[in-house]
Structure formats: C-alpha cells, structure tokens
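**Q** You'll find entry-v5.cif just under this line, and it carries mmCIF, C-alpha atoms (C1' of nucleotides).
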```cif
data_structure
#
loop_
_atom_site.group_PDB
_atom_site.id
_atom_site.type_symbol
_atom_site.label_atom_id
_atom_site.label_comp_id
_atom_site.auth_asym_id
_atom_site.auth_seq_id
_atom_site.Cartn_x
_atom_site.Cartn_y
_atom_site.Cartn_z
ATOM 1 C CA MET A 1 0.000 0.000 0.000
ATOM 2 C CA ASN A 2 1.530 3.302 -1.023
ATOM 3 C CA GLU A 3 1.206 6.594 0.764
ATOM 4 C CA THR A 4 -1.537 7.892 -1.501
ATOM 5 C CA GLU A 5 -3.713 4.894 -0.798
ATOM 6 C CA GLN A 6 -3.031 5.077 2.908
ATOM 7 C CA ASN A 7 -4.054 8.681 3.155
ATOM 8 C CA LYS A 8 -7.021 8.412 0.878
ATOM 9 C CA GLN A 9 -10.112 8.652 2.993
ATOM 10 C CA LEU A 10 -12.448 5.926 1.860
ATOM 11 C CA GLU A 11 -15.827 7.359 1.022
ATOM 12 C CA PRO A 12 -18.562 5.171 2.418
ATOM 13 C CA THR A 13 -21.245 4.226 -0.062
ATOM 14 C CA LYS A 14 -24.893 4.921 0.629
ATOM 15 C CA SER A 15 -25.501 1.536 2.251
ATOM 16 C CA GLU A 16 -22.296 1.731 4.218
ATOM 17 C CA LEU A 17 -23.347 5.079 5.579
ATOM 18 C CA GLU A 18 -26.591 3.599 6.846
ATOM 19 C CA ILE A 19 -24.604 1.042 8.775
ATOM 20 C CA LEU A 20 -22.243 3.659 10.151
ATOM 21 C CA GLN A 21 -25.216 5.601 11.408
ATOM 22 C CA VAL A 22 -26.478 2.633 13.359
ATOM 23 C CA LEU A 23 -23.055 2.059 14.881
ATOM 24 C CA TRP A 24 -22.681 5.736 15.763
ATOM 25 C CA GLU A 25 -26.021 5.606 17.474
ATOM 26 C CA LYS A 26 -25.756 2.234 19.173
ATOM 27 C CA GLY A 27 -22.045 1.779 19.629
ATOM 28 C CA PRO A 28 -20.194 -1.477 18.914
ATOM 29 C CA SER A 29 -22.680 -4.078 17.761
ATOM 30 C CA THR A 30 -23.159 -7.467 16.191
ATOM 31 C CA VAL A 31 -24.466 -7.876 12.668
ATOM 32 C CA ARG A 32 -27.760 -9.047 14.110
ATOM 33 C CA MET A 33 -28.179 -5.851 16.112
ATOM 34 C CA VAL A 34 -27.347 -3.660 13.152
ATOM 35 C CA ASN A 35 -29.640 -5.595 10.873
ATOM 36 C CA ASP A 36 -32.518 -5.318 13.340
ATOM 37 C CA GLU A 37 -32.089 -1.547 13.313
ATOM 38 C CA LEU A 38 -31.972 -1.411 9.539
ATOM 39 C CA LEU A 39 -35.141 -3.470 9.342
ATOM 40 C CA LYS A 40 -36.958 -0.610 11.023
ATOM 41 C CA GLN A 41 -36.165 1.539 7.996
ATOM 42 C CA LYS A 42 -36.151 -0.882 5.096
ATOM 43 C CA ASP A 43 -36.412 -4.450 4.003
ATOM 44 C CA VAL A 44 -33.023 -6.084 4.145
ATOM 45 C CA ASN A 45 -31.767 -9.623 4.375
ATOM 46 C CA TYR A 46 -29.453 -10.580 7.237
ATOM 47 C CA THR A 47 -26.697 -11.871 4.982
ATOM 48 C CA THR A 48 -26.741 -8.651 3.010
ATOM 49 C CA THR A 49 -25.912 -6.684 6.105
ATOM 50 C CA LEU A 50 -23.328 -9.268 7.103
ATOM 51 C CA LYS A 51 -21.643 -9.014 3.737
ATOM 52 C CA LEU A 52 -21.597 -5.230 3.797
ATOM 53 C CA MET A 53 -20.074 -5.156 7.243
ATOM 54 C CA GLN A 54 -17.450 -7.686 6.189
ATOM 55 C CA ILE A 55 -16.578 -5.490 3.238
ATOM 56 C CA MET A 56 -16.372 -2.466 5.511
ATOM 57 C CA ALA A 57 -14.046 -4.352 7.837
ATOM 58 C CA ASP A 58 -11.875 -5.253 4.842
ATOM 59 C CA LYS A 59 -11.696 -1.591 3.917
ATOM 60 C CA ASN A 60 -10.868 -0.718 7.498
ATOM 61 C CA ILE A 61 -13.965 1.367 7.878
ATOM 62 C CA LEU A 62 -14.908 -0.966 10.709
ATOM 63 C CA ASN A 63 -12.949 -2.924 13.282
ATOM 64 C CA ARG A 64 -13.985 -6.421 14.181
ATOM 65 C CA ASP A 65 -13.584 -8.238 17.427
ATOM 66 C CA GLU A 66 -13.555 -11.935 16.555
ATOM 67 C CA SER A 67 -12.839 -13.232 20.033
ATOM 68 C CA GLN A 68 -16.440 -14.341 20.402
ATOM 69 C CA MET A 69 -18.480 -16.278 17.896
ATOM 70 C CA LYS A 70 -20.750 -13.294 17.512
ATOM 71 C CA HIS A 71 -18.281 -10.829 16.135
ATOM 72 C CA ILE A 72 -18.485 -7.320 17.427
ATOM 73 C CA TYR A 73 -18.071 -4.519 14.923
ATOM 74 C CA SER A 74 -17.128 -0.962 15.778
ATOM 75 C CA VAL A 75 -16.280 2.102 13.730
ATOM 76 C CA ALA A 76 -12.581 2.467 13.043
ATOM 77 C CA GLU A 77 -12.488 6.231 12.864
ATOM 78 C CA GLU A 78 -14.191 8.475 15.326
ATOM 79 C CA GLU A 79 -17.601 9.731 14.382
ATOM 80 C CA GLN A 80 -16.716 13.422 14.370
ATOM 81 C CA ARG A 81 -13.703 12.940 12.155
ATOM 82 C CA THR A 82 -15.702 11.043 9.566
ATOM 83 C CA LYS A 83 -18.601 13.461 9.647
ATOM 84 C CA SER A 84 -16.287 16.415 9.445
ATOM 85 C CA HIS A 85 -14.670 14.960 6.368
ATOM 86 C CA LEU A 86 -18.002 14.297 4.695
ATOM 87 C CA LEU A 87 -19.227 17.767 5.559
ATOM 88 C CA ASP A 88 -16.105 19.303 4.052
ATOM 89 C CA LYS A 89 -16.638 17.381 0.869
ATOM 90 C CA PHE A 90 -20.239 18.501 0.765
ATOM 91 C CA VAL A 91 -19.380 22.140 1.271
ATOM 92 C CA ASP A 92 -16.636 21.956 -1.313
ATOM 93 C CA SER A 93 -18.722 20.362 -3.982
ATOM 94 C CA MET A 94 -22.000 22.136 -3.357
ATOM 95 C CA TYR A 95 -20.901 25.558 -2.183
ATOM 96 C CA LYS A 96 -17.385 25.805 -3.577
ATOM 97 C CA GLY A 97 -16.034 25.556 -0.074
ATOM 98 C CA SER A 98 -18.026 28.452 1.301
ATOM 99 C CA ALA A 99 -19.454 27.487 4.669
ATOM 100 C CA SER A 100 -21.296 30.761 4.961
ATOM 101 C CA LYS A 101 -23.166 30.087 1.736
ATOM 102 C CA LEU A 102 -24.312 26.827 3.212
ATOM 103 C CA VAL A 103 -25.476 28.481 6.410
ATOM 104 C CA MET A 104 -27.305 31.069 4.384
ATOM 105 C CA GLN A 105 -29.163 28.342 2.542
ATOM 106 C CA LEU A 106 -29.927 26.615 5.806
ATOM 107 C CA LEU A 107 -31.435 29.769 7.221
ATOM 108 C CA GLY A 108 -33.471 30.435 4.119
ATOM 109 C CA ASN A 109 -34.800 26.935 4.324
ATOM 110 C CA LYS A 110 -38.366 26.449 5.487
ATOM 111 C CA LYS A 111 -37.461 23.187 7.134
ATOM 112 C CA THR A 112 -35.038 24.853 9.495
ATOM 113 C CA SER A 113 -37.222 25.607 12.471
ATOM 114 C CA ASP A 114 -37.125 28.717 14.621
ATOM 115 C CA LYS A 115 -35.863 26.576 17.448
ATOM 116 C CA GLU A 116 -32.892 25.455 15.370
ATOM 117 C CA LEU A 117 -32.269 29.029 14.379
ATOM 118 C CA GLN A 118 -32.255 30.099 17.984
ATOM 119 C CA GLU A 119 -29.750 27.395 18.807
ATOM 120 C CA ILE A 120 -27.462 28.443 16.015
ATOM 121 C CA LYS A 121 -27.451 31.964 17.360
ATOM 122 C CA GLU A 122 -26.621 30.658 20.817
ATOM 123 C CA ILE A 123 -23.647 28.790 19.460
ATOM 124 C CA LEU A 124 -22.290 31.902 17.808
ATOM 125 C CA LYS A 125 -22.859 33.952 20.911
ATOM 126 C CA LYS A 126 -20.872 31.468 22.966
ATOM 127 C CA MET A 127 -18.014 31.612 20.511
ATOM 128 C CA GLU A 128 -17.676 35.343 21.038
ATOM 129 C CA GLU A 129 -16.883 34.882 24.687
ATOM 130 C CA MET B 1 -46.079 7.753 -14.595
ATOM 131 C CA ASN B 2 -47.902 7.634 -11.289
ATOM 132 C CA GLU B 3 -47.967 10.337 -8.675
ATOM 133 C CA THR B 4 -45.274 8.768 -6.540
ATOM 134 C CA GLU B 5 -42.859 8.692 -9.430
ATOM 135 C CA GLN B 6 -43.747 12.202 -10.446
ATOM 136 C CA ASN B 7 -43.079 13.626 -7.048
ATOM 137 C CA LYS B 8 -40.003 11.606 -6.340
ATOM 138 C CA GLN B 9 -37.067 13.936 -6.537
ATOM 139 C CA LEU B 10 -34.467 12.228 -8.642
ATOM 140 C CA GLU B 11 -31.190 12.119 -6.801
ATOM 141 C CA PRO B 12 -28.367 12.969 -9.144
ATOM 142 C CA THR B 13 -25.488 10.513 -9.104
ATOM 143 C CA LYS B 14 -21.953 11.661 -8.417
ATOM 144 C CA SER B 15 -21.152 12.203 -12.088
ATOM 145 C CA GLU B 16 -24.457 13.869 -12.718
ATOM 146 C CA LEU B 17 -23.755 16.280 -9.910
ATOM 147 C CA GLU B 18 -20.480 17.271 -11.511
ATOM 148 C CA ILE B 19 -22.350 18.146 -14.666
ATOM 149 C CA LEU B 20 -24.982 20.085 -12.759
ATOM 150 C CA GLN B 21 -22.245 22.100 -11.140
ATOM 151 C CA VAL B 22 -20.857 23.116 -14.493
ATOM 152 C CA LEU B 23 -24.291 24.116 -15.715
ATOM 153 C CA TRP B 24 -25.002 26.059 -12.541
ATOM 154 C CA GLU B 25 -21.768 27.904 -13.013
ATOM 155 C CA LYS B 26 -21.847 28.456 -16.751
ATOM 156 C CA GLY B 27 -25.538 28.448 -17.561
ATOM 157 C CA PRO B 28 -27.077 26.624 -20.541
ATOM 158 C CA SER B 29 -24.314 24.912 -22.492
ATOM 159 C CA THR B 30 -23.493 22.409 -25.172
ATOM 160 C CA VAL B 31 -21.970 19.049 -24.361
ATOM 161 C CA ARG B 32 -18.673 20.317 -25.725
ATOM 162 C CA MET B 33 -18.607 23.235 -23.297
ATOM 163 C CA VAL B 34 -19.470 21.053 -20.339
ATOM 164 C CA ASN B 35 -16.892 18.478 -21.312
ATOM 165 C CA ASP B 36 -14.199 21.122 -21.651
ATOM 166 C CA GLU B 37 -14.909 22.242 -18.104
ATOM 167 C CA LEU B 38 -14.846 18.693 -16.770
ATOM 168 C CA LEU B 39 -11.515 18.116 -18.477
ATOM 169 C CA LYS B 40 -10.039 20.747 -16.176
ATOM 170 C CA GLN B 41 -10.819 18.490 -13.237
ATOM 171 C CA LYS B 42 -10.489 14.991 -14.615
ATOM 172 C CA ASP B 43 -9.862 12.865 -17.626
ATOM 173 C CA VAL B 44 -13.115 12.232 -19.421
ATOM 174 C CA ASN B 45 -14.099 11.229 -22.923
ATOM 175 C CA TYR B 46 -16.487 13.452 -24.880
ATOM 176 C CA THR B 47 -18.982 10.684 -25.557
ATOM 177 C CA THR B 48 -19.107 9.853 -21.876
ATOM 178 C CA THR B 49 -20.265 13.351 -21.053
ATOM 179 C CA LEU B 50 -22.681 13.265 -23.969
ATOM 180 C CA LYS B 51 -24.180 10.012 -22.750
ATOM 181 C CA LEU B 52 -24.558 11.272 -19.210
ATOM 182 C CA MET B 53 -26.246 14.436 -20.341
ATOM 183 C CA GLN B 54 -28.593 12.442 -22.551
ATOM 184 C CA ILE B 55 -29.491 10.266 -19.584
ATOM 185 C CA MET B 56 -30.071 13.341 -17.465
ATOM 186 C CA ALA B 57 -32.341 14.772 -20.120
ATOM 187 C CA ASP B 58 -34.264 11.486 -20.168
ATOM 188 C CA LYS B 59 -34.703 11.732 -16.414
ATOM 189 C CA ASN B 60 -35.794 15.340 -16.776
ATOM 190 C CA ILE B 61 -32.908 16.580 -14.728
ATOM 191 C CA LEU B 62 -31.929 18.614 -17.770
ATOM 192 C CA ASN B 63 -33.841 20.270 -20.555
ATOM 193 C CA ARG B 64 -32.581 20.104 -24.082
ATOM 194 C CA ASP B 65 -33.004 22.593 -26.871
ATOM 195 C CA GLU B 66 -32.679 20.632 -30.094
ATOM 196 C CA SER B 67 -33.481 23.455 -32.463
ATOM 197 C CA GLN B 68 -29.826 23.733 -33.413
ATOM 198 C CA MET B 69 -27.508 20.930 -34.349
ATOM 199 C CA LYS B 70 -25.481 21.655 -31.253
ATOM 200 C CA HIS B 71 -28.064 20.904 -28.616
ATOM 201 C CA ILE B 72 -28.213 23.248 -25.682
ATOM 202 C CA TYR B 73 -28.718 21.722 -22.264
ATOM 203 C CA SER B 74 -29.986 23.572 -19.228
ATOM 204 C CA VAL B 75 -30.966 22.537 -15.716
ATOM 205 C CA ALA B 76 -34.643 21.720 -15.403
ATOM 206 C CA GLU B 77 -35.036 22.704 -11.780
ATOM 207 C CA GLU B 78 -33.681 25.869 -10.315
ATOM 208 C CA GLU B 79 -30.325 25.625 -8.618
ATOM 209 C CA GLN B 80 -31.485 26.689 -5.181
ATOM 210 C CA ARG B 81 -34.322 24.208 -5.112
ATOM 211 C CA THR B 82 -32.038 21.315 -5.964
ATOM 212 C CA LYS B 83 -29.343 22.371 -3.534
ATOM 213 C CA SER B 84 -31.860 22.915 -0.810
ATOM 214 C CA HIS B 85 -33.193 19.428 -1.306
ATOM 215 C CA LEU B 86 -29.730 17.887 -1.219
ATOM 216 C CA LEU B 87 -28.823 19.882 1.862
ATOM 217 C CA ASP B 88 -31.961 18.695 3.620
ATOM 218 C CA LYS B 89 -31.124 15.132 2.835
ATOM 219 C CA PHE B 90 -27.619 15.638 4.116
ATOM 220 C CA VAL B 91 -28.766 17.198 7.364
ATOM 221 C CA ASP B 92 -31.338 14.474 7.845
ATOM 222 C CA SER B 93 -28.977 11.615 7.285
ATOM 223 C CA MET B 94 -25.896 13.000 8.960
ATOM 224 C CA TYR B 95 -27.324 15.091 11.776
ATOM 225 C CA LYS B 96 -30.752 13.581 12.241
ATOM 226 C CA GLY B 97 -32.287 16.735 10.852
ATOM 227 C CA SER B 98 -30.583 19.077 13.275
ATOM 228 C CA ALA B 99 -29.271 22.074 11.381
ATOM 229 C CA SER B 100 -27.682 23.491 14.509
ATOM 230 C CA LYS B 101 -25.598 20.368 14.982
ATOM 231 C CA LEU B 102 -24.301 20.845 11.463
ATOM 232 C CA VAL B 103 -23.429 24.470 12.106
ATOM 233 C CA MET B 104 -21.692 23.486 15.293
ATOM 234 C CA GLN B 105 -19.548 21.037 13.384
ATOM 235 C CA LEU B 106 -18.832 23.651 10.762
ATOM 236 C CA LEU B 107 -17.641 26.087 13.382
ATOM 237 C CA GLY B 108 -15.485 23.518 15.103
ATOM 238 C CA ASN B 109 -13.925 22.739 11.776
ATOM 239 C CA LYS B 110 -10.406 23.945 11.132
ATOM 240 C CA LYS B 111 -11.148 24.416 7.479
ATOM 241 C CA THR B 112 -13.793 26.995 8.184
ATOM 242 C CA SER B 113 -11.844 30.223 8.079
ATOM 243 C CA ASP B 114 -12.263 33.236 10.333
ATOM 244 C CA LYS B 115 -13.515 35.128 7.342
ATOM 245 C CA GLU B 116 -16.288 32.589 6.800
ATOM 246 C CA LEU B 117 -17.110 32.734 10.456
ATOM 247 C CA GLN B 118 -17.396 36.472 10.310
ATOM 248 C CA GLU B 119 -19.728 36.216 7.364
ATOM 249 C CA ILE B 120 -21.941 33.728 9.115
ATOM 250 C CA LYS B 121 -22.285 36.116 12.026
ATOM 251 C CA GLU B 122 -23.194 38.919 9.650
ATOM 252 C CA ILE B 123 -25.948 36.831 8.154
ATOM 253 C CA LEU B 124 -27.437 36.143 11.545
ATOM 254 C CA LYS B 125 -27.190 39.763 12.538
ATOM 255 C CA LYS B 126 -29.080 40.787 9.432
ATOM 256 C CA MET B 127 -31.798 38.280 10.182
ATOM 257 C CA GLU B 128 -32.445 39.911 13.527
ATOM 258 C CA GLU B 129 -33.402 43.163 11.897
ATOM 259 C "C1'" DT C 1 -27.912 -36.938 21.120
ATOM 260 C "C1'" DC C 2 -29.840 -34.816 17.558
ATOM 261 C "C1'" DA C 3 -32.616 -31.289 15.495
ATOM 262 C "C1'" DA C 4 -33.387 -26.420 15.319
ATOM 263 C "C1'" DA C 5 -31.728 -21.870 15.520
ATOM 264 C "C1'" DG C 6 -28.345 -18.725 14.701
ATOM 265 C "C1'" DG C 7 -23.678 -17.568 13.429
ATOM 266 C "C1'" DT C 8 -19.670 -16.799 9.567
ATOM 267 C "C1'" DA C 9 -17.636 -17.132 4.877
ATOM 268 C "C1'" DG C 10 -17.555 -16.740 0.174
ATOM 269 C "C1'" DG C 11 -19.111 -16.761 -4.515
ATOM 270 C "C1'" DA C 12 -22.352 -15.631 -7.768
ATOM 271 C "C1'" DA C 13 -26.270 -13.047 -9.472
ATOM 272 C "C1'" DT C 14 -28.323 -8.362 -9.929
ATOM 273 C "C1'" DA C 15 -28.675 -3.715 -10.203
ATOM 274 C "C1'" DT C 16 -26.703 0.586 -10.968
ATOM 275 C "C1'" DT C 17 -23.434 3.774 -12.666
ATOM 276 C "C1'" DT C 18 -19.848 4.997 -15.739
ATOM 277 C "C1'" DT C 19 -17.235 4.581 -19.809
ATOM 278 C "C1'" DC C 20 -16.501 4.226 -24.560
ATOM 279 C "C1'" DG C 21 -16.640 2.080 -29.428
ATOM 280 C "C1'" DT C 22 -19.007 2.519 -33.559
ATOM 281 C "C1'" DA C 23 -22.172 4.272 -36.915
ATOM 282 C "C1'" DC C 24 -23.717 7.858 -39.258
ATOM 283 C "C1'" DG C 25 -25.277 12.740 -40.515
ATOM 284 C "C1'" DA C 26 -24.129 17.800 -40.988
ATOM 285 C "C1'" DA C 27 -20.893 21.512 -41.399
ATOM 286 C "C1'" DA C 28 -16.502 23.500 -42.725
ATOM 287 C "C1'" DC C 29 -13.263 24.189 -45.944
ATOM 288 C "C1'" DA C 30 -9.352 23.164 -49.235
ATOM 289 C "C1'" DT D 1 -16.645 17.860 -54.548
ATOM 290 C "C1'" DG D 2 -14.284 15.244 -51.392
ATOM 291 C "C1'" DT D 3 -12.302 14.897 -46.983
ATOM 292 C "C1'" DT D 4 -11.817 16.260 -42.426
ATOM 293 C "C1'" DT D 5 -13.942 17.839 -38.318
ATOM 294 C "C1'" DC D 6 -17.615 17.978 -35.185
ATOM 295 C "C1'" DG D 7 -22.009 16.668 -33.785
ATOM 296 C "C1'" DT D 8 -25.779 12.961 -32.121
ATOM 297 C "C1'" DA D 9 -27.510 8.227 -31.081
ATOM 298 C "C1'" DC D 10 -27.197 3.888 -29.323
ATOM 299 C "C1'" DG D 11 -25.611 -0.422 -27.566
ATOM 300 C "C1'" DA D 12 -22.514 -2.836 -25.072
ATOM 301 C "C1'" DA D 13 -18.579 -3.274 -22.018
ATOM 302 C "C1'" DA D 14 -16.533 -2.230 -17.607
ATOM 303 C "C1'" DA D 15 -16.598 -0.808 -13.014
ATOM 304 C "C1'" DT D 16 -19.103 -0.502 -8.659
ATOM 305 C "C1'" DA D 17 -22.426 -1.455 -5.431
ATOM 306 C "C1'" DT D 18 -25.936 -4.418 -3.609
ATOM 307 C "C1'" DT D 19 -28.285 -8.597 -2.736
ATOM 308 C "C1'" DC D 20 -28.732 -13.231 -1.582
ATOM 309 C "C1'" DC D 21 -27.850 -18.410 -2.104
ATOM 310 C "C1'" DT D 22 -25.386 -22.087 -0.231
ATOM 311 C "C1'" DA D 23 -22.230 -24.454 2.674
ATOM 312 C "C1'" DC D 24 -20.800 -25.338 6.886
ATOM 313 C "C1'" DC D 25 -19.830 -24.591 11.949
ATOM 314 C "C1'" DT D 26 -21.430 -23.663 16.894
ATOM 315 C "C1'" DT D 27 -24.779 -23.204 20.374
ATOM 316 C "C1'" DT D 28 -29.140 -24.306 22.443
ATOM 317 C "C1'" DG D 29 -32.520 -27.059 24.270
ATOM 318 C "C1'" DA D 30 -36.055 -30.899 23.919
#
```
Show me this structure written as structure tokens.

**A**
Amino acid sequence: MNETEQNKQLEPTKSELEILQVLWEKGPSTVRMVNDELLKQKDVNYTTTLKLMQIMADKNILNRDESQMKHIYSVAEEEQRTKSHLLDKFVDSMYKGSASKLVMQLLGNKKTSDKELQEIKEILKKMEE
Amino acid sequence: MNETEQNKQLEPTKSELEILQVLWEKGPSTVRMVNDELLKQKDVNYTTTLKLMQIMADKNILNRDESQMKHIYSVAEEEQRTKSHLLDKFVDSMYKGSASKLVMQLLGNKKTSDKELQEIKEILKKMEE
DNA sequence: TCAAAGGTAGGAATATTTTCGTACGAAACA
DNA sequence: TGTTTCGTACGAAAATATTCCTACCTTTGA
C-alpha cells in the first residue's frame, strides 16, 4: 500500500453510511443488532448486512472483534472525524467551499425551524466569549 | 407515470452532480462546453459526457433545446431548489435533521476560516433586523 | 444426542453507474 | 466535390455497489 492509498479517505457508499449511522447511534454491535435496526427503515436480508459489514471491515472502515463467535463490529475512525470529512466534501462540492453560503441556505430553508435558528445563534454567541 | 414517481425527486449521481455544477456555473451549455470544463478536473471522454447528459435529459434533470444541431442543455429545476433538497437530505442523514448540529460542526472545523465565520455572524445579525 | 436456531464465509447473481466504441449525418473548408 | 472535423444516437462493455444463495460450523434445548 503506497502513501496515496493510505491517506485516501475511503468514502462510504450509501448503504455503508446507513450502517455507520447505526453504529454511531448504538455503539459497537453485532451484525444481528445492526440488521434489526436497519429493518426498522427498510427491508433487508441478514446476509446482506453481514456481507456489507465484512466489506467495511476489509476496507478498514470498521474494526472487528472476533474473540467471540458473535463478532463485534465498531467504527474504526471516530464519528466526528468522519462526519467532518463528509461535511467538508459537501461544502466543497455544493458551495465551492463556502461554509457561509451553506449556512445562508440553511437559514433560508423552510425546514429549518425557529428553534434550530435560535440554537445556532446561541452557538455563535458562545463563541464570542 | 404515477404520482409517486412524479413527485419523487431524482437524486443525481456523483457524475451527474459534476455536470450540474458546471451548468449552474456556466448556464445553458453544449456538451462540448461542459466536457471542456470537466476536463479541467479529470480525464473524461467526450462521448461519456454526452451520454450522461442524454441520460439526465431522459430523467428530466436537464432540458434540451434541439433546435440547433449543437443541442443546448440547461438545468430543469432551479439551482437553489435542488441544492436545498440535497442539503436537507444531508442534514437528515448526517445530523438527524438538526441544522444546529451541522453548524456546530462547521464552526469547530479547522477548514472553516475566520472570514467565513465572520460572514456567518453577519448573516445572523441581518436576520435579527 | 440430535434437530433447530443462529452464526460466519464466500461466490455468484443483480442492479446501478460509468465509460466508450461505432455508426452515421451535418458543417466546414481546401 | 471530397475529406476532415464535429455533432448525435445507441448499444454494449466495464466498473461498482448491492443482494442473496449455499455451505458449513457452533450453540441451544427438547
């Protein structure tokens, strides 16, 4: 593995992201636990989830504890680091890297509630201190 | 086409998004113009871009003016509407719909410059008025 | 003890996305 | 006019991502 490959942040696919979200929410889990969560959102076969998680372990997106028969999977990179990277990519590609443009859109967005807006203001206020 | 299909917002794929970005930036364009822009970022064959744009026209992501030999493609839905939809999806999937969590991450992010930060504050200040 | 339930592994089938070869028509121009 | 350049259309190949079948092992419990 050369340096480029090492440093390249693997982009999770859509399905992989769904699995990451479960693990972020629930912490280290077995395939069964993850699959049960996914079943709440969509129809998915157990072995499909198993396979995906195996692939993710191969790619080092997940770590796997094989000491028990029921393997325990956990995320390899901390949640914030991964999310931060994905957010960066999003801002870069959608707003040419301008975070303020994104915030502007967010604020103009009907779906962003007044409560959210209030919270955003609070955050900024705190940063001033 | 039933109502569900009609209303379903077609998610552009990664490559389709690249093309949308060019069209957002440059306005209605021929395949040649779009391809020339893409070539600045990556290696891509003319017919590949043509094919993608044809597919996008089929999906009604793009409109096509065929009155000239060099067809002119333009985005079918306004830029802000599309971006807003994609941003919503992103916030939903990554931050469980919490816009303030996203902003928090943005502010904690090294890549968000002081200048950006300043601009974000300006926006909020203006909203108060 | 043996059948049922639940686990992993791996390959193959599908579905989706991306790329490009080829054919063929129109325009440009020597 | 002929040939080169530039355009579209279309199908198929290639690359990726997703799904699931099958085999086989371990645990559970009647």

**Q** Expressed in Å to a single decimal, how great is the separation between CA of Thr47 (chain A) and C1' of DT17 (chain C)?

**A**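 C1' of DT17 (chain C) lies at a distance of 23.8 Å from CA of Thr47 (chain A).
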
**Q** At most 9 Å is the cut-off: for each residue in chain B with any atom that close to an atom of chain C, write down the nearest atom pair and the distance in Å rounded to one decimal, counting all atoms listed in the file, chain first then increasing number, as JSON lines.

**A**
```
{"residue": "B:Thr13", "atom": "CA", "partner": "C:DT17", "partner_atom": "C1'", "distance": 7.9}
{"residue": "B:Ser15", "atom": "CA", "partner": "C:DT18", "partner_atom": "C1'", "distance": 8.2}
{"residue": "B:Val44", "atom": "CA", "partner": "C:DT19", "partner_atom": "C1'", "distance": 8.7}
{"residue": "B:Asn45", "atom": "CA", "partner": "C:DC20", "partner_atom": "C1'", "distance": 7.6}
{"residue": "B:Thr47", "atom": "CA", "partner": "C:DC20", "partner_atom": "C1'", "distance": 7.0}
{"residue": "B:Thr48", "atom": "CA", "partner": "C:DT19", "partner_atom": "C1'", "distance": 6.0}
{"residue": "B:Leu52", "atom": "CA", "partner": "C:DT18", "partner_atom": "C1'", "distance": 8.6}
{"residue": "B:Met69", "atom": "CA", "partner": "C:DA26", "partner_atom": "C1'", "distance": 8.1}
```

**Q** Per residue of chain B within 10 Å of chain A, which atom pair is closest and at what distance in Å (one decimal), using all atoms listed in the file, listed by chain and increasing number, as CSV?

**A**
```
residue,atom,partner,partner_atom,distance
B:Leu17,CA,A:Ser93,CA,8.8
B:Glu18,CA,A:Ser93,CA,8.3
B:Gln21,CA,A:Met94,CA,7.8
B:Gln80,CA,A:Gln105,CA,8.2
B:Arg81,CA,A:Asn109,CA,9.8
B:Lys83,CA,A:Met94,CA,7.3
B:Ser84,CA,A:Gln105,CA,6.9
B:His85,CA,A:Asn109,CA,9.5
B:Leu86,CA,A:Met94,CA,9.1
B:Leu87,CA,A:Leu106,CA,7.9
B:Asp88,CA,A:Lys111,CA,7.9
B:Phe90,CA,A:Phe90,CA,8.6
B:Val91,CA,A:Leu106,CA,9.6
B:Ser93,CA,A:Gln21,CA,8.2
B:Met94,CA,A:Lys83,CA,7.3
B:Tyr95,CA,A:Lys83,CA,9.1
B:Lys96,CA,A:Gln21,CA,9.7
B:Gly97,CA,A:Thr112,CA,8.7
B:Ser98,CA,A:Glu116,CA,7.1
B:Ala99,CA,A:Glu116,CA,6.4
B:Ser100,CA,A:Ile120,CA,5.2
B:Lys101,CA,A:Ile120,CA,8.4
B:Leu102,CA,A:Leu87,CA,8.4
B:Val103,CA,A:Ile120,CA,6.9
B:Met104,CA,A:Ile123,CA,7.0
B:Gln105,CA,A:Ser84,CA,6.9
B:Leu106,CA,A:Ala99,CA,7.2
B:Leu107,CA,A:Leu124,CA,8.7
B:Gly108,CA,A:Ser84,CA,9.1
B:Asn109,CA,A:Ser84,CA,7.1
B:Lys110,CA,A:Ser84,CA,9.7
B:Lys111,CA,A:Asp88,CA,7.9
B:Thr112,CA,A:Ala99,CA,6.7
B:Ser113,CA,A:Ala99,CA,8.8
B:Lys115,CA,A:Ser100,CA,9.2
B:Glu116,CA,A:Ser100,CA,5.6
B:Leu117,CA,A:Ser100,CA,7.2
B:Gln118,CA,A:Ser100,CA,8.7
B:Glu119,CA,A:Ser100,CA,6.2
B:Ile120,CA,A:Ser100,CA,5.1
B:Lys121,CA,A:Leu124,CA,7.2
B:Glu122,CA,A:Ser100,CA,9.6
B:Ile123,CA,A:Met104,CA,7.0
B:Leu124,CA,A:Lys121,CA,7.2
B:Lys125,CA,A:Lys121,CA,9.2
B:Met127,CA,A:Leu107,CA,9.0
```

**Q** At what distance in Å, to one decimal, does CA of Pro12 (chain B) lie from CA of Ala57 (chain A)?

**A**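 Between these atoms lies a distance of 28.2 Å.
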
**Q** Could you write out as a list in words the residues that the PyMOL selection byres ((chain D) within 12 of (chain B)) matches in the shown file?

**A**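 So the PyMOL selection byres ((chain D) within 12 of (chain B)) ends up selecting DC6, DG7, DT8, DA9, DC10 and DG11 of chain D.
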
**Q** When you draw a straight line from CA of Val75 (chain B) to CA of Glu25 (chain B), how long is it in Å?

**A**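 About the pair CA of Val75 (chain B) and CA of Glu25 (chain B): they are 11.0 Å apart.
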
**Q** Give me the box for region 32-39 of chain B as lines of an AutoDock Vina configuration file, namely the centre and edge lengths in Å to one decimal of a box along x, y and z that holds every listed atom plus 5 Å on each side.

**A**
```
center_x = -15.5
center_y = 20.7
center_z = -21.2
size_x = 18.0
size_y = 15.1
size_z = 19.0
```
